[in-house]
Amino acid sequence: MGPLAHLPALDVMWVSFYCIGFMIISVGLIYLGRNKVSNVFLRTIVNLSAYILFGLGTFLMVLIVATWPA
């Protein structure tokens, strides 16, 4: 039994879609930060936000997988 077990299955599905979206956005931000942004400060902000989104998406996806058998 995981921490998302009290949510209905459709709500868990939407959370998983948000996780996938966070990961796709983080890939785009990493691409922008490495190839398109030349300002070092702005590049740092873009990369930091990308890593935060990726970490949040990964953490929530692990919670969803841990909750799935319920």
# chains A, B, ... in the order shown; residues from 1 in each chain; ligands from 1
>>> select_by_dssp(residues="chain A", states="helix (DSSP H, G or I)", output="MDAnalysis selection string")
chainID A and resid 9:35 40:67
>>> residues_around(residues="region 28-36 of chain A", least_positions_apart="2", cutoff="12 Å", atoms="only C-alpha atoms", output="list of chain:residue names")
A:Gly21, A:Phe22, A:Met23, A:Ile24, A:Ile25, A:Ser26, A:Ser38, A:Asn39, A:Val40, A:Phe41, A:Leu42, A:Arg43, A:Thr44, A:Ile45, A:Val46, A:Asn47, A:Leu48, A:Ser49, A:Ala50, A:Tyr51, A:Ile52, A:Leu53, A:Phe54
>>> write_last_selection(atoms="N, CA and C atoms", output="compact mmCIF listing (two decimals), in the first residue's frame")
# COMPACT_ATOMS: atom_id res chain seq x y z
N GLY A 21 4.61 14.65 -18.48
CA GLY A 21 4.75 16.01 -18.97
C GLY A 21 5.93 16.74 -18.35
N PHE A 22 6.13 16.57 -17.05
CA PHE A 22 7.28 17.18 -16.38
C PHE A 22 8.59 16.69 -16.99
N MET A 23 8.66 15.40 -17.28
CA MET A 23 9.89 14.85 -17.85
C MET A 23 10.13 15.35 -19.27
N ILE A 24 9.08 15.47 -20.06
CA ILE A 24 9.22 15.98 -21.43
C ILE A 24 9.64 17.45 -21.40
N ILE A 25 9.04 18.24 -20.52
CA ILE A 25 9.41 19.65 -20.39
C ILE A 25 10.85 19.78 -19.93
N SER A 26 11.29 18.91 -19.02
CA SER A 26 12.67 18.99 -18.55
C SER A 26 13.66 18.67 -19.67
N SER A 38 22.84 31.65 -24.05
CA SER A 38 24.27 31.97 -23.93
C SER A 38 24.61 32.66 -22.61
N ASN A 39 23.63 33.25 -21.95
CA ASN A 39 23.85 33.91 -20.67
C ASN A 39 24.03 32.84 -19.58
N VAL A 40 25.12 32.93 -18.82
CA VAL A 40 25.44 31.90 -17.83
C VAL A 40 24.41 31.86 -16.71
N PHE A 41 23.97 33.02 -16.24
CA PHE A 41 22.99 33.06 -15.15
C PHE A 41 21.65 32.48 -15.61
N LEU A 42 21.20 32.87 -16.78
CA LEU A 42 19.93 32.36 -17.31
C LEU A 42 20.03 30.86 -17.61
N ARG A 43 21.18 30.42 -18.09
CA ARG A 43 21.39 29.00 -18.35
C ARG A 43 21.31 28.20 -17.06
N THR A 44 21.88 28.74 -15.99
CA THR A 44 21.82 28.07 -14.69
C THR A 44 20.38 27.95 -14.20
N ILE A 45 19.61 29.02 -14.36
CA ILE A 45 18.20 28.99 -13.93
C ILE A 45 17.41 27.98 -14.75
N VAL A 46 17.62 27.94 -16.06
CA VAL A 46 16.90 27.01 -16.92
C VAL A 46 17.27 25.57 -16.57
N ASN A 47 18.57 25.30 -16.40
CA ASN A 47 18.99 23.94 -16.06
C ASN A 47 18.50 23.52 -14.68
N LEU A 48 18.53 24.43 -13.73
CA LEU A 48 18.05 24.11 -12.38
C LEU A 48 16.56 23.79 -12.39
N SER A 49 15.78 24.57 -13.12
CA SER A 49 14.34 24.29 -13.20
C SER A 49 14.09 22.96 -13.92
N ALA A 50 14.90 22.64 -14.92
CA ALA A 50 14.75 21.36 -15.61
C ALA A 50 15.04 20.19 -14.68
N TYR A 51 16.11 20.30 -13.89
CA TYR A 51 16.44 19.21 -12.97
C TYR A 51 15.40 19.07 -11.86
N ILE A 52 14.84 20.18 -11.42
CA ILE A 52 13.78 20.12 -10.41
C ILE A 52 12.54 19.44 -10.97
N LEU A 53 12.14 19.81 -12.19
CA LEU A 53 10.98 19.16 -12.82
C LEU A 53 11.22 17.67 -13.04
N PHE A 54 12.42 17.32 -13.49
CA PHE A 54 12.72 15.91 -13.71
C PHE A 54 12.71 15.14 -12.39
>>> closest_residue(among="A:Cys19, A:Val27, A:Leu10, A:Leu4", to="Thr58 (chain A)", atoms="only C-alpha atoms")
A:Cys19
>>> closest_residue(among="A:Asp11, A:Val37, A:Tyr18, A:Gly2", to="Leu56 (chain A)", atoms="only C-alpha atoms")
A:Tyr18
>>> residues_around(residues="Met61 (chain A)", least_positions_apart="5", cutoff="10 Å", atoms="only C-alpha atoms", output="list in words")
Val12, Val15, Ser16, Phe17, Tyr18, Cys19, Ile20, Gly55, Leu56, Ala66 and Thr67 of chain A
>>> write_last_selection(atoms="N, CA and C atoms", output="PDB file, in the first residue's frame")
ATOM      1  N   VAL A  12      -4.918   8.981 -10.132  1.00  0.00           N
ATOM      2  CA  VAL A  12      -3.543   8.498 -10.217  1.00  0.00           C
ATOM      3  C   VAL A  12      -3.080   8.514 -11.670  1.00  0.00           C
ATOM      4  N   VAL A  15      -2.085  12.054 -12.472  1.00  0.00           N
ATOM      5  CA  VAL A  15      -0.790  12.356 -11.857  1.00  0.00           C
ATOM      6  C   VAL A  15       0.330  11.753 -12.698  1.00  0.00           C
ATOM      7  N   SER A  16       0.121  10.560 -13.219  1.00  0.00           N
ATOM      8  CA  SER A  16       1.157   9.949 -14.069  1.00  0.00           C
ATOM      9  C   SER A  16       1.324  10.736 -15.360  1.00  0.00           C
ATOM     10  N   PHE A  17       0.244  11.276 -15.922  1.00  0.00           N
ATOM     11  CA  PHE A  17       0.361  12.119 -17.113  1.00  0.00           C
ATOM     12  C   PHE A  17       1.140  13.390 -16.801  1.00  0.00           C
ATOM     13  N   TYR A  18       0.907  13.970 -15.632  1.00  0.00           N
ATOM     14  CA  TYR A  18       1.673  15.152 -15.230  1.00  0.00           C
ATOM     15  C   TYR A  18       3.156  14.813 -15.096  1.00  0.00           C
ATOM     16  N   CYS A  19       3.453  13.637 -14.562  1.00  0.00           N
ATOM     17  CA  CYS A  19       4.850  13.210 -14.423  1.00  0.00           C
ATOM     18  C   CYS A  19       5.521  13.089 -15.784  1.00  0.00           C
ATOM     19  N   ILE A  20       4.821  12.489 -16.739  1.00  0.00           N
ATOM     20  CA  ILE A  20       5.366  12.364 -18.083  1.00  0.00           C
ATOM     21  C   ILE A  20       5.568  13.744 -18.695  1.00  0.00           C
ATOM     22  N   GLY A  55      13.278  15.716 -11.340  1.00  0.00           N
ATOM     23  CA  GLY A  55      13.273  15.049 -10.039  1.00  0.00           C
ATOM     24  C   GLY A  55      11.874  14.876  -9.485  1.00  0.00           C
ATOM     25  N   LEU A  56      11.040  15.908  -9.635  1.00  0.00           N
ATOM     26  CA  LEU A  56       9.656  15.816  -9.163  1.00  0.00           C
ATOM     27  C   LEU A  56       8.879  14.768  -9.951  1.00  0.00           C
ATOM     28  N   ALA A  66       4.740   2.360  -6.889  1.00  0.00           N
ATOM     29  CA  ALA A  66       4.649   1.701  -5.579  1.00  0.00           C
ATOM     30  C   ALA A  66       3.189   1.511  -5.152  1.00  0.00           C
ATOM     31  N   THR A  67       2.304   2.381  -5.624  1.00  0.00           N
ATOM     32  CA  THR A  67       0.898   2.323  -5.246  1.00  0.00           C
ATOM     33  C   THR A  67       0.100   1.415  -6.169  1.00  0.00           C
TER      34      THR A  67
END
>>> decode(residues="chain A", atoms="C-alpha atoms", output="PDB file, in the first residue's frame")
ATOM      1  CA  MET A   1       0.000   0.000   0.000  1.00  0.00           C
ATOM      2  CA  GLY A   2       1.555   3.260  -1.124  1.00  0.00           C
ATOM      3  CA  PRO A   3       0.975   6.909  -0.292  1.00  0.00           C
ATOM      4  CA  LEU A   4      -1.377   7.423  -3.242  1.00  0.00           C
ATOM      5  CA  ALA A   5      -3.603   4.461  -2.391  1.00  0.00           C
ATOM      6  CA  HIS A   6      -6.418   6.669  -1.122  1.00  0.00           C
ATOM      7  CA  LEU A   7      -6.835   8.340  -4.550  1.00  0.00           C
ATOM      8  CA  PRO A   8      -9.148   6.934  -7.212  1.00  0.00           C
ATOM      9  CA  ALA A   9      -7.455   5.216 -10.143  1.00  0.00           C
ATOM     10  CA  LEU A  10      -8.329   8.001 -12.610  1.00  0.00           C
ATOM     11  CA  ASP A  11      -6.686  10.619 -10.395  1.00  0.00           C
ATOM     12  CA  VAL A  12      -3.543   8.498 -10.217  1.00  0.00           C
ATOM     13  CA  MET A  13      -3.664   8.291 -14.017  1.00  0.00           C
ATOM     14  CA  TRP A  14      -3.715  12.091 -14.277  1.00  0.00           C
ATOM     15  CA  VAL A  15      -0.790  12.356 -11.857  1.00  0.00           C
ATOM     16  CA  SER A  16       1.157   9.949 -14.069  1.00  0.00           C
ATOM     17  CA  PHE A  17       0.361  12.119 -17.113  1.00  0.00           C
ATOM     18  CA  TYR A  18       1.673  15.152 -15.230  1.00  0.00           C
ATOM     19  CA  CYS A  19       4.850  13.210 -14.423  1.00  0.00           C
ATOM     20  CA  ILE A  20       5.366  12.364 -18.083  1.00  0.00           C
ATOM     21  CA  GLY A  21       4.751  16.012 -18.974  1.00  0.00           C
ATOM     22  CA  PHE A  22       7.285  17.185 -16.376  1.00  0.00           C
ATOM     23  CA  MET A  23       9.887  14.850 -17.847  1.00  0.00           C
ATOM     24  CA  ILE A  24       9.224  15.985 -21.428  1.00  0.00           C
ATOM     25  CA  ILE A  25       9.407  19.653 -20.393  1.00  0.00           C
ATOM     26  CA  SER A  26      12.667  18.989 -18.553  1.00  0.00           C
ATOM     27  CA  VAL A  27      14.185  17.458 -21.701  1.00  0.00           C
ATOM     28  CA  GLY A  28      13.214  20.578 -23.652  1.00  0.00           C
ATOM     29  CA  LEU A  29      14.640  22.864 -20.978  1.00  0.00           C
ATOM     30  CA  ILE A  30      17.926  20.964 -20.898  1.00  0.00           C
ATOM     31  CA  TYR A  31      18.137  21.297 -24.683  1.00  0.00           C
ATOM     32  CA  LEU A  32      17.495  25.040 -24.429  1.00  0.00           C
ATOM     33  CA  GLY A  33      19.996  25.464 -21.624  1.00  0.00           C
ATOM     34  CA  ARG A  34      22.786  23.630 -23.402  1.00  0.00           C
ATOM     35  CA  ASN A  35      22.303  24.814 -26.981  1.00  0.00           C
ATOM     36  CA  LYS A  36      20.294  28.041 -27.147  1.00  0.00           C
ATOM     37  CA  VAL A  37      20.947  30.126 -24.018  1.00  0.00           C
ATOM     38  CA  SER A  38      24.271  31.970 -23.925  1.00  0.00           C
ATOM     39  CA  ASN A  39      23.846  33.910 -20.669  1.00  0.00           C
ATOM     40  CA  VAL A  40      25.442  31.895 -17.834  1.00  0.00           C
ATOM     41  CA  PHE A  41      22.995  33.062 -15.153  1.00  0.00           C
ATOM     42  CA  LEU A  42      19.932  32.358 -17.313  1.00  0.00           C
ATOM     43  CA  ARG A  43      21.393  28.995 -18.351  1.00  0.00           C
ATOM     44  CA  THR A  44      21.817  28.068 -14.693  1.00  0.00           C
ATOM     45  CA  ILE A  45      18.202  28.994 -13.931  1.00  0.00           C
ATOM     46  CA  VAL A  46      16.902  27.010 -16.923  1.00  0.00           C
ATOM     47  CA  ASN A  47      18.990  23.942 -16.064  1.00  0.00           C
ATOM     48  CA  LEU A  48      18.051  24.105 -12.380  1.00  0.00           C
ATOM     49  CA  SER A  49      14.345  24.286 -13.205  1.00  0.00           C
ATOM     50  CA  ALA A  50      14.752  21.362 -15.614  1.00  0.00           C
ATOM     51  CA  TYR A  51      16.444  19.214 -12.968  1.00  0.00           C
ATOM     52  CA  ILE A  52      13.781  20.119 -10.405  1.00  0.00           C
ATOM     53  CA  LEU A  53      10.983  19.164 -12.820  1.00  0.00           C
ATOM     54  CA  PHE A  54      12.724  15.910 -13.706  1.00  0.00           C
ATOM     55  CA  GLY A  55      13.273  15.049 -10.039  1.00  0.00           C
ATOM     56  CA  LEU A  56       9.656  15.816  -9.163  1.00  0.00           C
ATOM     57  CA  GLY A  57       8.370  13.759 -12.073  1.00  0.00           C
ATOM     58  CA  THR A  58      10.612  10.842 -11.179  1.00  0.00           C
ATOM     59  CA  PHE A  59       9.665  10.955  -7.496  1.00  0.00           C
ATOM     60  CA  LEU A  60       5.928  11.018  -8.227  1.00  0.00           C
ATOM     61  CA  MET A  61       6.258   8.240 -10.805  1.00  0.00           C
ATOM     62  CA  VAL A  62       8.011   6.044  -8.228  1.00  0.00           C
ATOM     63  CA  LEU A  63       5.126   6.705  -5.826  1.00  0.00           C
ATOM     64  CA  ILE A  64       2.628   5.745  -8.521  1.00  0.00           C
ATOM     65  CA  VAL A  65       4.431   2.503  -9.300  1.00  0.00           C
ATOM     66  CA  ALA A  66       4.649   1.701  -5.579  1.00  0.00           C
ATOM     67  CA  THR A  67       0.898   2.323  -5.246  1.00  0.00           C
ATOM     68  CA  TRP A  68      -0.189   0.462  -8.391  1.00  0.00           C
ATOM     69  CA  PRO A  69      -1.032  -3.007  -6.925  1.00  0.00           C
ATOM     70  CA  ALA A  70      -3.598  -1.480  -4.556  1.00  0.00           C
TER      71      ALA A  70
END
